[in-house]
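Asks: File follows, target28.cif with mmCIF, C-alpha atoms and all ligand atoms:
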data_entry
#
loop_
_atom_site.label_atom_id
_atom_site.label_comp_id
_atom_site.auth_asym_id
_atom_site.auth_seq_id
_atom_site.Cartn_x
_atom_site.Cartn_y
_atom_site.Cartn_z
CA MET A 1 -51.23 13.16 -13.25
CA ASN A 2 -52.90 15.45 -10.71
CA HIS A 3 -52.25 17.06 -7.36
CA PHE A 4 -54.99 15.37 -5.32
CA ALA A 5 -53.36 12.84 -3.00
CA TYR A 6 -53.49 11.38 0.52
CA HIS A 7 -50.93 12.52 3.08
CA LYS A 8 -51.14 10.47 6.29
CA GLY A 9 -54.62 9.28 5.33
CA VAL A 10 -55.99 12.77 4.64
CA LEU A 11 -56.92 13.76 1.07
CA HIS A 12 -55.20 16.98 -0.03
CA ALA A 13 -55.46 19.34 -2.97
CA GLU A 14 -51.79 20.34 -3.34
CA ASP A 15 -50.87 21.32 0.26
CA VAL A 16 -54.41 21.91 1.51
CA PRO A 17 -56.47 19.25 3.34
CA LEU A 18 -59.80 19.17 1.50
CA ALA A 19 -61.68 18.69 4.77
CA ALA A 20 -60.49 22.15 5.87
CA ILE A 21 -62.13 23.67 2.79
CA ALA A 22 -65.35 21.70 3.35
CA GLU A 23 -65.53 22.80 6.99
CA SER A 24 -64.95 26.43 6.08
CA VAL A 25 -67.02 26.80 2.89
CA GLY A 26 -69.55 24.00 3.36
CA THR A 27 -70.64 21.37 0.85
CA PRO A 28 -71.21 20.70 -1.98
CA THR A 29 -68.15 22.59 -3.23
CA TYR A 30 -66.00 22.28 -6.31
CA VAL A 31 -62.24 22.51 -5.67
CA TYR A 32 -59.69 23.11 -8.43
CA SER A 33 -55.91 22.72 -8.38
CA THR A 34 -53.77 25.44 -9.97
CA ALA A 35 -50.70 23.17 -10.17
CA THR A 36 -52.65 20.46 -12.01
CA LEU A 37 -54.13 22.84 -14.55
CA THR A 38 -50.79 24.57 -15.09
CA ARG A 39 -49.09 21.23 -15.61
CA HIS A 40 -51.66 20.09 -18.16
CA ILE A 41 -51.28 23.27 -20.21
CA ARG A 42 -47.51 22.86 -20.13
CA VAL A 43 -47.43 19.22 -21.22
CA VAL A 44 -49.80 19.83 -24.15
CA THR A 45 -47.73 22.82 -25.28
CA GLU A 46 -44.46 20.91 -24.92
CA ALA A 47 -45.86 17.95 -26.84
CA PHE A 48 -46.27 20.18 -29.90
CA GLY A 49 -42.81 21.65 -29.38
CA ASP A 50 -41.83 24.27 -31.94
CA ARG A 51 -44.58 23.34 -34.42
CA PRO A 52 -46.71 26.46 -34.90
CA HIS A 53 -49.79 25.90 -32.77
CA LEU A 54 -52.27 27.67 -30.54
CA ILE A 55 -54.07 26.15 -27.57
CA CYS A 56 -57.67 27.38 -27.49
CA TYR A 57 -59.13 26.09 -24.22
CA SER A 58 -62.74 24.99 -24.61
CA VAL A 59 -64.55 27.36 -22.27
CA LYS A 60 -67.67 25.22 -21.92
CA ALA A 61 -65.70 22.58 -19.97
CA ASN A 62 -65.29 24.98 -17.05
CA SER A 63 -66.04 28.67 -17.49
CA ASN A 64 -65.17 30.02 -14.03
CA LEU A 65 -63.44 33.39 -14.41
CA ALA A 66 -60.49 32.30 -12.25
CA ILE A 67 -59.86 29.30 -14.50
CA LEU A 68 -60.12 31.48 -17.62
CA ARG A 69 -57.70 34.00 -16.15
CA LEU A 70 -55.18 31.28 -15.29
CA ILE A 71 -55.31 30.07 -18.88
CA ALA A 72 -55.02 33.56 -20.35
CA GLU A 73 -52.03 34.32 -18.09
CA ARG A 74 -50.31 31.16 -19.33
CA GLY A 75 -50.67 32.31 -22.93
CA GLY A 76 -53.71 30.23 -23.86
CA GLY A 77 -56.48 31.22 -26.21
CA PHE A 78 -60.10 30.11 -26.08
CA ASP A 79 -62.71 28.09 -27.93
CA ILE A 80 -66.15 29.58 -27.33
CA VAL A 81 -69.67 28.52 -28.28
CA SER A 82 -71.74 31.57 -27.30
CA GLY A 83 -71.73 35.31 -26.80
CA GLY A 84 -71.84 34.65 -23.06
CA GLU A 85 -68.57 32.75 -23.24
CA LEU A 86 -67.05 35.58 -25.31
CA ALA A 87 -68.07 38.03 -22.58
CA ARG A 88 -66.42 35.84 -19.92
CA VAL A 89 -63.19 35.64 -21.91
CA ARG A 90 -63.10 39.40 -22.42
CA HIS A 91 -63.98 40.05 -18.77
CA VAL A 92 -60.73 38.40 -17.66
CA GLY A 93 -58.68 40.14 -20.34
CA GLY A 94 -58.51 37.11 -22.63
CA ASP A 95 -57.37 37.83 -26.18
CA ALA A 96 -60.16 37.69 -28.78
CA GLY A 97 -57.38 37.43 -31.34
CA LYS A 98 -56.59 34.00 -29.87
CA THR A 99 -60.23 32.94 -29.67
CA VAL A 100 -62.25 30.74 -32.04
CA PHE A 101 -66.04 30.65 -32.13
CA ALA A 102 -67.89 27.35 -32.81
CA GLY A 103 -71.49 26.18 -32.57
CA VAL A 104 -74.35 25.45 -34.97
CA GLY A 105 -76.58 28.27 -33.76
CA LYS A 106 -74.64 31.52 -33.49
CA THR A 107 -77.00 34.49 -33.72
CA GLN A 108 -76.08 37.52 -35.83
CA GLU A 109 -75.78 39.55 -32.60
CA GLU A 110 -73.24 37.06 -31.27
CA MET A 111 -71.34 37.14 -34.58
CA GLU A 112 -71.27 40.95 -34.56
CA ALA A 113 -69.93 41.09 -31.02
CA ALA A 114 -67.23 38.56 -31.85
CA LEU A 115 -66.19 40.24 -35.11
CA ALA A 116 -66.08 43.66 -33.44
CA ALA A 117 -63.92 42.15 -30.67
CA GLY A 118 -61.42 40.89 -33.26
CA ILE A 119 -62.05 37.16 -33.07
CA LEU A 120 -59.42 34.91 -34.69
CA LEU A 121 -61.79 32.51 -36.41
CA PHE A 122 -65.47 31.70 -36.82
CA ASN A 123 -65.94 27.96 -37.13
CA VAL A 124 -68.95 27.90 -39.44
CA GLU A 125 -71.25 24.90 -39.38
CA SER A 126 -73.73 25.41 -42.29
CA ALA A 127 -74.23 27.14 -45.64
CA GLU A 128 -76.90 29.42 -44.20
CA GLU A 129 -74.66 30.41 -41.30
CA LEU A 130 -71.95 31.31 -43.86
CA GLU A 131 -74.38 33.71 -45.53
CA ALA A 132 -75.36 35.23 -42.18
CA LEU A 133 -71.69 35.75 -41.32
CA ASP A 134 -71.09 37.38 -44.70
CA ALA A 135 -73.95 39.80 -43.98
CA VAL A 136 -72.43 40.64 -40.58
CA GLY A 137 -69.01 41.19 -42.15
CA ARG A 138 -70.39 43.54 -44.79
CA ARG A 139 -72.42 45.44 -42.19
CA LEU A 140 -69.27 46.04 -40.14
CA GLY A 141 -67.15 46.73 -43.25
CA ARG A 142 -64.86 43.81 -42.39
CA ARG A 143 -64.03 40.41 -43.77
CA ALA A 144 -64.99 37.88 -41.14
CA PRO A 145 -62.25 35.22 -40.85
CA PHE A 146 -63.85 31.81 -41.06
CA ALA A 147 -63.11 28.11 -41.16
CA LEU A 148 -65.70 25.59 -42.24
CA ARG A 149 -66.22 22.88 -39.67
CA VAL A 150 -66.34 19.76 -41.79
CA ASN A 151 -67.82 16.50 -40.70
CA PRO A 152 -65.32 13.78 -41.63
CA ASP A 153 -67.84 10.96 -40.98
CA VAL A 154 -65.55 9.10 -38.59
CA ASP A 155 -66.75 7.10 -35.60
CA ALA A 156 -64.93 8.59 -32.60
CA ARG A 157 -65.65 5.41 -30.58
CA THR A 158 -66.81 7.32 -27.54
CA HIS A 159 -70.20 7.60 -25.79
CA ARG A 160 -72.86 8.31 -28.45
CA TYR A 161 -73.96 11.46 -26.64
CA ILE A 162 -70.50 13.03 -27.04
CA SER A 163 -69.73 11.79 -30.55
CA THR A 164 -69.95 14.61 -33.09
CA GLY A 165 -68.21 13.50 -36.29
CA LEU A 166 -70.69 11.07 -37.83
CA LYS A 167 -72.83 11.79 -40.92
CA THR A 168 -75.95 11.77 -38.75
CA SER A 169 -74.57 14.42 -36.36
CA LYS A 170 -75.90 17.99 -36.31
CA PHE A 171 -72.34 19.33 -36.33
CA GLY A 172 -70.29 20.57 -39.26
CA VAL A 173 -70.96 20.52 -43.00
CA PRO A 174 -70.76 17.31 -45.03
CA PHE A 175 -67.17 16.70 -46.06
CA GLU A 176 -68.12 16.46 -49.75
CA GLU A 177 -69.75 19.93 -49.79
CA ALA A 178 -66.77 21.84 -48.41
CA VAL A 179 -64.99 22.62 -51.71
CA ALA A 180 -68.15 24.11 -53.25
CA LEU A 181 -68.84 26.16 -50.11
CA TYR A 182 -65.33 27.68 -50.06
CA ALA A 183 -65.79 28.55 -53.75
CA ARG A 184 -69.09 30.26 -52.93
CA ALA A 185 -67.57 32.08 -49.97
CA LYS A 186 -64.79 33.44 -52.18
CA LYS A 187 -67.37 35.62 -53.92
CA MET A 188 -68.71 37.03 -50.67
CA LYS A 189 -67.28 40.40 -49.66
CA GLY A 190 -67.82 39.93 -45.93
CA LEU A 191 -65.78 36.75 -45.58
CA LEU A 192 -62.15 35.64 -45.47
CA ALA A 193 -61.31 31.94 -45.70
CA ALA A 194 -58.73 31.69 -42.91
CA GLY A 195 -58.83 28.02 -42.00
CA LEU A 196 -60.44 24.61 -41.87
CA ASP A 197 -61.92 22.96 -38.77
CA CYS A 198 -63.15 19.64 -37.40
CA HIS A 199 -64.03 18.16 -34.01
CA ILE A 200 -65.14 14.54 -33.90
CA GLY A 201 -66.13 14.16 -30.27
CA SER A 202 -65.13 14.16 -26.65
CA GLN A 203 -63.43 11.74 -24.24
CA LEU A 204 -61.48 10.17 -27.13
CA THR A 205 -59.38 7.29 -25.86
CA GLN A 206 -58.05 5.92 -29.16
CA THR A 207 -55.75 7.48 -31.73
CA ALA A 208 -57.17 5.67 -34.78
CA PRO A 209 -60.30 7.85 -35.20
CA ILE A 210 -58.21 11.00 -34.66
CA ARG A 211 -55.75 9.88 -37.32
CA ALA A 212 -58.52 8.90 -39.76
CA ALA A 213 -60.38 12.19 -39.37
CA LEU A 214 -57.33 14.44 -39.53
CA SER A 215 -55.86 12.66 -42.55
CA LYS A 216 -59.07 13.39 -44.45
CA VAL A 217 -59.20 16.97 -43.23
CA ALA A 218 -55.50 17.63 -43.94
CA GLY A 219 -55.98 16.39 -47.50
CA LEU A 220 -58.88 18.79 -47.92
CA TYR A 221 -56.81 21.63 -46.45
CA SER A 222 -54.06 21.11 -49.03
CA ALA A 223 -56.60 20.84 -51.86
CA LEU A 224 -58.20 24.14 -50.81
CA LYS A 225 -54.78 25.84 -50.65
CA GLU A 226 -54.08 24.63 -54.18
CA LYS A 227 -57.34 26.21 -55.30
CA GLY A 228 -56.03 29.52 -53.99
CA HIS A 229 -57.91 29.87 -50.71
CA PRO A 230 -55.68 31.78 -48.27
CA LEU A 231 -56.02 29.31 -45.37
CA ALA A 232 -53.53 29.59 -42.50
CA TYR A 233 -55.16 27.60 -39.65
CA LEU A 234 -56.05 23.96 -39.32
CA ASP A 235 -58.26 23.57 -36.26
CA VAL A 236 -58.12 19.95 -35.10
CA GLY A 237 -60.74 20.37 -32.36
CA GLY A 238 -60.55 19.00 -28.84
CA GLY A 239 -61.67 15.74 -27.37
CA LEU A 240 -58.54 14.22 -25.85
CA GLY A 241 -59.84 11.89 -23.13
CA ILE A 242 -58.85 11.51 -19.49
CA THR A 243 -58.83 8.64 -17.00
CA TYR A 244 -62.01 8.47 -14.93
CA LEU A 245 -61.81 4.78 -14.05
CA ASP A 246 -59.57 2.55 -16.16
CA GLU A 247 -59.50 4.32 -19.53
CA THR A 248 -56.08 4.61 -21.15
CA PRO A 249 -56.30 7.72 -23.33
CA PRO A 250 -53.32 8.71 -25.46
CA SER A 251 -50.70 10.74 -23.60
CA PRO A 252 -50.26 14.33 -24.81
CA GLU A 253 -47.07 13.17 -26.59
CA GLU A 254 -48.90 10.34 -28.34
CA TYR A 255 -51.76 12.69 -29.21
CA ALA A 256 -49.33 15.26 -30.66
CA ARG A 257 -47.52 12.57 -32.68
CA THR A 258 -50.87 11.44 -34.12
CA VAL A 259 -51.98 14.97 -34.99
CA LEU A 260 -48.63 15.93 -36.48
CA ALA A 261 -48.34 12.72 -38.50
CA ALA A 262 -51.75 13.36 -40.05
CA ALA A 263 -51.68 17.14 -40.40
CA GLY A 264 -48.08 18.32 -39.93
CA ALA A 265 -47.28 18.39 -43.66
CA THR A 266 -49.96 21.01 -44.37
CA GLY A 267 -47.72 23.72 -42.92
CA ALA A 268 -50.79 25.18 -41.22
CA THR A 269 -50.78 26.72 -37.77
CA LEU A 270 -52.55 24.07 -35.74
CA ILE A 271 -55.35 25.11 -33.41
CA LEU A 272 -56.06 22.72 -30.53
CA GLU A 273 -59.27 22.94 -28.50
CA PRO A 274 -58.72 20.86 -25.36
CA GLY A 275 -61.28 21.19 -22.60
CA ARG A 276 -61.54 18.07 -20.49
CA ALA A 277 -57.84 17.18 -20.91
CA LEU A 278 -56.85 20.45 -19.22
CA VAL A 279 -59.41 20.78 -16.42
CA GLY A 280 -61.06 17.36 -15.92
CA ASN A 281 -58.59 15.94 -13.44
CA ALA A 282 -57.85 19.38 -12.01
CA GLY A 283 -61.12 19.46 -10.06
CA VAL A 284 -63.14 17.51 -7.49
CA LEU A 285 -66.59 17.93 -5.97
CA LEU A 286 -66.76 17.77 -2.17
CA THR A 287 -69.89 16.35 -0.60
CA ARG A 288 -71.13 15.31 2.83
CA VAL A 289 -73.09 12.20 3.77
CA LEU A 290 -76.61 12.99 4.98
CA TYR A 291 -78.15 9.58 5.59
CA ARG A 292 -77.75 5.87 5.11
CA LYS A 293 -80.66 3.80 4.04
CA LYS A 294 -80.94 0.06 3.67
CA THR A 295 -83.68 -1.54 1.61
CA PRO A 296 -84.10 -5.26 0.94
CA ALA A 297 -82.41 -4.67 -2.41
CA ARG A 298 -79.67 -2.16 -1.70
CA HIS A 299 -77.51 -0.02 0.56
CA PHE A 300 -78.01 3.65 -0.25
CA VAL A 301 -75.80 6.51 0.88
CA VAL A 302 -77.57 9.86 0.51
CA VAL A 303 -75.19 12.80 0.01
CA ASP A 304 -75.74 16.55 -0.23
CA ALA A 305 -74.57 16.82 -3.87
CA GLY A 306 -77.05 15.90 -6.58
CA MET A 307 -77.41 15.62 -10.32
CA ASN A 308 -78.06 19.35 -10.48
CA ASP A 309 -74.49 19.85 -9.17
CA LEU A 310 -72.82 17.06 -11.18
CA LEU A 311 -74.90 15.99 -14.17
CA ARG A 312 -72.49 13.66 -15.96
CA PRO A 313 -73.53 10.38 -14.29
CA ALA A 314 -77.22 11.01 -15.08
CA LEU A 315 -76.57 12.38 -18.58
CA TYR A 316 -73.80 10.09 -19.85
CA GLU A 317 -73.77 7.18 -17.40
CA ALA A 318 -70.38 8.63 -16.49
CA HIS A 319 -68.14 7.25 -13.75
CA HIS A 320 -66.54 9.50 -11.14
CA GLY A 321 -64.19 8.05 -8.54
CA LEU A 322 -65.35 8.56 -4.95
CA GLN A 323 -62.73 9.09 -2.24
CA PRO A 324 -63.23 9.69 1.48
CA LEU A 325 -61.53 12.90 2.64
CA VAL A 326 -60.19 10.90 5.58
CA LYS A 327 -59.27 7.29 4.90
CA ARG A 328 -61.27 4.72 6.82
CA ARG A 329 -60.78 1.05 7.61
CA GLY A 330 -63.44 -1.63 7.57
CA LYS A 331 -65.27 -4.06 5.41
CA ALA A 332 -66.59 -2.65 2.14
CA VAL A 333 -70.19 -3.16 1.11
CA GLU A 334 -71.73 -2.38 -2.26
CA VAL A 335 -73.60 0.93 -2.13
CA ASP A 336 -75.42 3.33 -4.43
CA VAL A 337 -74.44 6.92 -3.65
CA VAL A 338 -77.43 9.12 -4.44
CA GLY A 339 -78.28 12.81 -4.32
CA PRO A 340 -81.36 14.57 -2.92
CA VAL A 341 -82.93 15.42 -6.30
CA CYS A 342 -86.34 13.92 -7.00
CA GLU A 343 -85.32 11.88 -10.05
CA SER A 344 -84.46 8.21 -10.27
CA THR A 345 -81.38 9.10 -12.35
CA ASP A 346 -79.90 11.09 -9.44
CA VAL A 347 -77.37 8.34 -8.71
CA LEU A 348 -73.84 9.73 -8.58
CA ALA A 349 -72.05 6.42 -7.98
CA LYS A 350 -73.63 3.04 -8.64
CA ALA A 351 -72.79 -0.30 -7.02
CA ARG A 352 -69.52 0.93 -5.47
CA PRO A 353 -67.65 -1.00 -2.82
CA LEU A 354 -67.44 1.39 0.12
CA VAL A 355 -66.85 1.13 3.85
CA LEU A 356 -70.31 2.21 4.98
CA PRO A 357 -69.87 5.85 6.04
CA GLN A 358 -71.48 7.64 8.99
CA ALA A 359 -73.71 10.64 8.49
CA GLY A 360 -71.49 13.74 8.31
CA GLU A 361 -68.54 12.04 6.65
CA LEU A 362 -66.95 13.91 3.75
CA PHE A 363 -66.15 12.59 0.29
CA ALA A 364 -64.78 13.85 -3.01
CA PHE A 365 -66.10 12.96 -6.43
CA MET A 366 -62.91 12.88 -8.46
CA SER A 367 -62.20 14.12 -12.01
CA ALA A 368 -65.04 16.63 -11.76
CA GLY A 369 -63.24 19.73 -13.11
CA ALA A 370 -64.73 19.46 -16.62
CA TYR A 371 -68.46 19.59 -17.38
CA GLY A 372 -69.19 19.67 -13.65
CA MET A 373 -70.00 23.20 -12.50
CA SER A 374 -70.49 24.38 -16.09
CA MET A 375 -73.39 21.92 -16.50
CA SER A 376 -74.88 22.58 -13.06
CA SER A 377 -78.39 23.90 -12.65
CA THR A 378 -80.73 24.92 -9.85
CA TYR A 379 -83.19 22.09 -10.57
CA ASN A 380 -85.31 21.34 -7.48
CA SER A 381 -84.47 24.94 -6.44
CA ARG A 382 -81.10 23.91 -5.14
CA PRO A 383 -78.58 26.77 -5.02
CA ARG A 384 -75.44 25.95 -6.98
CA PRO A 385 -72.21 24.94 -5.20
CA ALA A 386 -69.33 27.19 -4.26
CA GLU A 387 -66.05 26.95 -6.19
CA VAL A 388 -62.57 27.12 -4.64
CA LEU A 389 -59.16 27.42 -6.28
CA VAL A 390 -56.13 25.98 -4.49
CA ASP A 391 -52.59 27.17 -5.19
CA GLY A 392 -49.92 25.46 -3.07
CA ALA A 393 -50.85 25.99 0.57
CA ALA A 394 -53.23 28.84 -0.29
CA TRP A 395 -56.84 28.67 -1.38
CA ARG A 396 -59.65 31.10 -2.14
CA VAL A 397 -63.33 31.05 -3.03
CA VAL A 398 -63.64 31.84 -6.75
CA ARG A 399 -67.42 31.61 -6.80
CA GLU A 400 -69.63 32.05 -3.78
CA ARG A 401 -72.23 29.46 -3.01
CA GLU A 402 -75.51 30.66 -4.49
CA ARG A 403 -77.99 31.99 -1.95
CA VAL A 404 -81.67 31.14 -1.98
CA GLU A 405 -82.49 34.72 -3.05
CA ASP A 406 -80.37 34.09 -6.17
CA LEU A 407 -82.80 31.35 -7.13
CA TRP A 408 -85.57 33.80 -8.00
CA ARG A 409 -83.53 36.74 -9.25
CA GLY A 410 -85.46 38.31 -12.13
CA GLU A 411 -88.73 36.59 -11.26
CA ARG A 412 -91.98 38.47 -10.53
CA ALA A 413 -94.54 36.94 -8.15
C1 LIG B 501 -66.74 20.70 -26.42
C2 LIG B 501 -65.84 21.06 -27.53
C3 LIG B 501 -64.45 20.98 -27.37
C4 LIG B 501 -63.79 20.44 -26.12
O1 LIG B 501 -63.99 19.08 -25.97
P1 LIG B 501 -63.15 18.29 -24.83
O2 LIG B 501 -63.61 16.90 -25.00
O3 LIG B 501 -63.55 18.87 -23.52
O4 LIG B 501 -61.72 18.48 -25.13
C5 LIG B 501 -63.64 21.42 -28.40
N1 LIG B 501 -64.17 21.90 -29.56
C6 LIG B 501 -65.51 21.97 -29.75
C7 LIG B 501 -66.02 22.52 -31.03
C8 LIG B 501 -66.38 21.56 -28.75
O5 LIG B 501 -67.71 21.63 -28.95
#
Reformat the file's structure so that it appears as structure tokens.

Replies:
Amino acid sequence: MNHFAYHKGVLHAEDVPLAAIAESVGTPTYVYSTATLTRHIRVVTEAFGDRPHLICYSVKANSNLAILRLIAERGGGFDIVSGGELARVRHVGGDAGKTVFAGVGKTQEEMEAALAAGILLFNVESAEELEALDAVGRRLGRRAPFALRVNPDVDARTHRYISTGLKTSKFGVPFEEAVALYARAKKMKGLLAAGLDCHIGSQLTQTAPIRAALSKVAGLYSALKEKGHPLAYLDVGGGLGITYLDETPPSPEEYARTVLAAAGATGATLILEPGRALVGNAGVLLTRVLYRKKTPARHFVVVDAGMNDLLRPALYEAHHGLQPLVKRRGKAVEVDVVGPVCESTDVLAKARPLVLPQAGELFAFMSAGAYGMSMSSTYNSRPRPAEVLVDGAAWRVVRERERVEDLWRGERA
């Protein structure tokens, strides 16, 4: 459910015609919907009802300050993977005490900053990282609260590039080593065993892998409690999928039922790390048609957004819906919608039936709120897009379009 819809043939974000934003701010531009994001936070929270839980939004999905502030104002916490993300969270007044820190390569500087800020939980991903965190804790005269991220060796049945819970993955510690590692950590003065963590992948569309992974992890949680480890948090990760094309991911209610059935009996406070499920369908990328080009093999439509602006199709063979900002009639032909970047993978929509547009026509790539702007780059020296946040009939720029001078900031000729 989202708040992007046609009214009298004109695509709107809430009460704002998207074409008005494109004309005013230019293209390419990301547009986010406050009502959609707010709704997604609410339905996830309601699905878990009065079971003790904390929503820690995965900052890497979309790290714009305005989005982070919206989430903080609605009581959300954060899941971060770098010191940079911690700085963003703190910049908008986000609560470090509701923030968890994951990632296989945290530096000691990043750990120190997070511990000093009062982070809720470090999700530790290796034995050596555990020792580094212990050293940081002792240096600061604190016990660093940690959870081991265990790898449950479950196939998440998603794209292999976004699957993280298999034995061969770089993430987490092997499930079988967890008990020994908690025992070792108990002797370290700079650590406090506060929880247990897992995250098996992203864009999950089936409940079976979630249930399988969490059942294993919940069993381990209870076993660790019995051994006297003072765990209070069971972090079940993120990964709930969304509909890009015809996927049928579990509803938030179904997801909550699955999580609670597997892990509810532990009595732990559940930590949820949704990213895509909150912001994915709350954003679109506006683009303008530059040229049409017909070769013996294909119809191409060249647009002003490229893989540097929206990487997911090139990186994951991902599908994004493509909607004209003003509905058009006519006979559809099969087209490849491509960007200006000098790479053969810069194809944003492949073999789509489309009424052949004129140069200048405006379109929206749908479901682009997650891993869109946050994965953008300036490859080909293309300034990054602007970002706009809509709220009802109001809208504002929440990140200016980059200027060409920004491209070489910090460089010396
Ligand atoms: C990326 C990530 C998430 C969020 O994943 P989504 O699929 O966007 O929900 C949550 N937890 C961890 C550890 C991650 O790396």

Asks: If we count all atoms listed in the file, what is near range 108-115 of chain A at a cut-off of 12 Å, once residues fewer than 5 positions away on the same chain are taken out, given as a ChimeraX atom specification?

Replies: /A:80-87,89-90,95-103,120-124,128-146,190-191

Asks: Name the residues in contact with Val59 in chain A at a cut-off of 10 Å, using all atoms listed in the file, excluding same-chain residues fewer than 5 positions from it; report them as a PyMOL selection string.

Replies: chain A and resi 64-65+67-68+77-82+85-86+88-89+273-276+370-371+374

Asks: Would you save the residues of that selection, restricted to C-alpha atoms, as a compact mmCIF listing (two decimals), keeping the file's coordinate frame?

Replies:
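selection.txt written:
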# COMPACT_ATOMS: atom_id res chain seq x y z
CA ASN A 64 -65.17 30.02 -14.03
CA LEU A 65 -63.44 33.39 -14.41
CA ILE A 67 -59.86 29.30 -14.50
CA LEU A 68 -60.12 31.48 -17.62
CA GLY A 77 -56.48 31.22 -26.21
CA PHE A 78 -60.10 30.11 -26.08
CA ASP A 79 -62.71 28.09 -27.93
CA ILE A 80 -66.15 29.58 -27.33
CA VAL A 81 -69.67 28.52 -28.28
CA SER A 82 -71.74 31.57 -27.30
CA GLU A 85 -68.57 32.75 -23.24
CA LEU A 86 -67.05 35.58 -25.31
CA ARG A 88 -66.42 35.84 -19.92
CA VAL A 89 -63.19 35.64 -21.91
CA GLU A 273 -59.27 22.94 -28.50
CA PRO A 274 -58.72 20.86 -25.36
CA GLY A 275 -61.28 21.19 -22.60
CA ARG A 276 -61.54 18.07 -20.49
CA ALA A 370 -64.73 19.46 -16.62
CA TYR A 371 -68.46 19.59 -17.38
CA SER A 374 -70.49 24.38 -16.09

Asks: So that I can see what lies close to Asn308 in chain A, please list as a VMD selection string the residues with an atom at most 6 Å from it, counting all atoms listed in the file and leaving out residues fewer than 5 positions away in the same chain.

Replies: chain A and resid 376 to 377 379

Asks: Write out, as a PDB file, in the frame of the given file, the residues just selected, with C-alpha atoms.

Replies:
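Saved file out_34.pdb follows:
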ATOM      1  CA  SER A 376     -74.880  22.580 -13.060  1.00  0.00           C
ATOM      2  CA  SER A 377     -78.390  23.900 -12.650  1.00  0.00           C
ATOM      3  CA  TYR A 379     -83.190  22.090 -10.570  1.00  0.00           C
TER       4      TYR A 379
END

Asks: Under the rule that only C-alpha atoms are counted, which of A:Met366, A:Val388, A:Ala413, A:Leu407 is the nearest residue to Ile21 in chain A?

Replies: A:Val388

Asks: Residues proximal to (-59.0, 26.6, -10.6) were defined as those with any atom within 10 Å of that point in the file's coordinates, counting all atoms listed in the file. Which are they, as a PyMOL selection string?

Replies: chain A and resi 30-38+62+64-71+279+282-283+369+387-391+395-398

Asks: What would the file look like if the residues just selected were written as a compact mmCIF listing (two decimals), in the frame of the given file with C-alpha atoms?

Replies:
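The result, written out as out18.txt:
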# COMPACT_ATOMS: atom_id res chain seq x y z
CA TYR A 30 -66.00 22.28 -6.31
CA VAL A 31 -62.24 22.51 -5.67
CA TYR A 32 -59.69 23.11 -8.43
CA SER A 33 -55.91 22.72 -8.38
CA THR A 34 -53.77 25.44 -9.97
CA ALA A 35 -50.70 23.17 -10.17
CA THR A 36 -52.65 20.46 -12.01
CA LEU A 37 -54.13 22.84 -14.55
CA THR A 38 -50.79 24.57 -15.09
CA ASN A 62 -65.29 24.98 -17.05
CA ASN A 64 -65.17 30.02 -14.03
CA LEU A 65 -63.44 33.39 -14.41
CA ALA A 66 -60.49 32.30 -12.25
CA ILE A 67 -59.86 29.30 -14.50
CA LEU A 68 -60.12 31.48 -17.62
CA ARG A 69 -57.70 34.00 -16.15
CA LEU A 70 -55.18 31.28 -15.29
CA ILE A 71 -55.31 30.07 -18.88
CA VAL A 279 -59.41 20.78 -16.42
CA ALA A 282 -57.85 19.38 -12.01
CA GLY A 283 -61.12 19.46 -10.06
CA GLY A 369 -63.24 19.73 -13.11
CA GLU A 387 -66.05 26.95 -6.19
CA VAL A 388 -62.57 27.12 -4.64
CA LEU A 389 -59.16 27.42 -6.28
CA VAL A 390 -56.13 25.98 -4.49
CA ASP A 391 -52.59 27.17 -5.19
CA TRP A 395 -56.84 28.67 -1.38
CA ARG A 396 -59.65 31.10 -2.14
CA VAL A 397 -63.33 31.05 -3.03
CA VAL A 398 -63.64 31.84 -6.75

Asks: Expressed in Å to a single decimal, how great is the separation between atom C6 of ligand LIG 501 (chain B) and CA of His199 in chain A?

Replies: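 Computing the Euclidean distance for atom C6 of ligand LIG 501 (chain B) and CA of His199 in chain A yields 5.9 Å.
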
Asks: I'd like the neighbourhood of Gly165 in chain A as a list in words, where a residue qualifies if any of its atoms comes within 7 Å (using only C-alpha atoms), though same-chain residues fewer than 6 positions away should be ignored.

Replies: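 Answer for this query is Asn151, Pro152, Asp153, Val154, Asp155, Ala156, His199, Ile200 and Gly201 of chain A.
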
Asks: Using all atoms listed in the file for the distances, tell me which of A:Val303, A:Ile242, A:Ile119, A:Ala262 is nearest to ligand LIG 501 (chain B).

Replies: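 Nearest to ligand LIG 501 (chain B): A:Ile242.
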
Asks: In Å, rounded to a single decimal, give me how far CA of Ala265 in chain A is from CA of Ala212 in chain A.

Replies: 15.2 Å

Asks: Please report the interatomic distance between CA of Thr258 in chain A and CA of Arg211 in chain A in Å with one decimal.

Replies: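 Value for the CA of Thr258 in chain A-CA of Arg211 in chain A distance: 6.0 Å.
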
Asks: Go ahead and fit an axis-aligned box to every listed atom of ligand LIG 501 (chain B) plus 8 Å each side, and pass me the centre and edge lengths in Å, one decimal, as JSON.

Replies:
{"center_x": -64.7, "center_y": 19.7, "center_z": -27.3, "size_x": 22.0, "size_y": 21.6, "size_z": 23.5}

Asks: List as a ChimeraX atom specification the protein and nucleic acid residues near range 320-327 of chain A, meaning an atom at most 7 Å away when all atoms listed in the file are counted, but skip any in the same chain fewer than 6 places from it.

Replies: /A:9-11,18-19,244-245,362-367

Asks: With distances taken over all atoms listed in the file, which of A:Arg149, A:His12, A:Gly237, A:Tyr161 is nearest to ligand LIG 501 (chain B)?

Replies: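 Between A:Arg149, A:His12, A:Gly237, A:Tyr161, the residue approaching ligand LIG 501 (chain B) most closely is A:Gly237.
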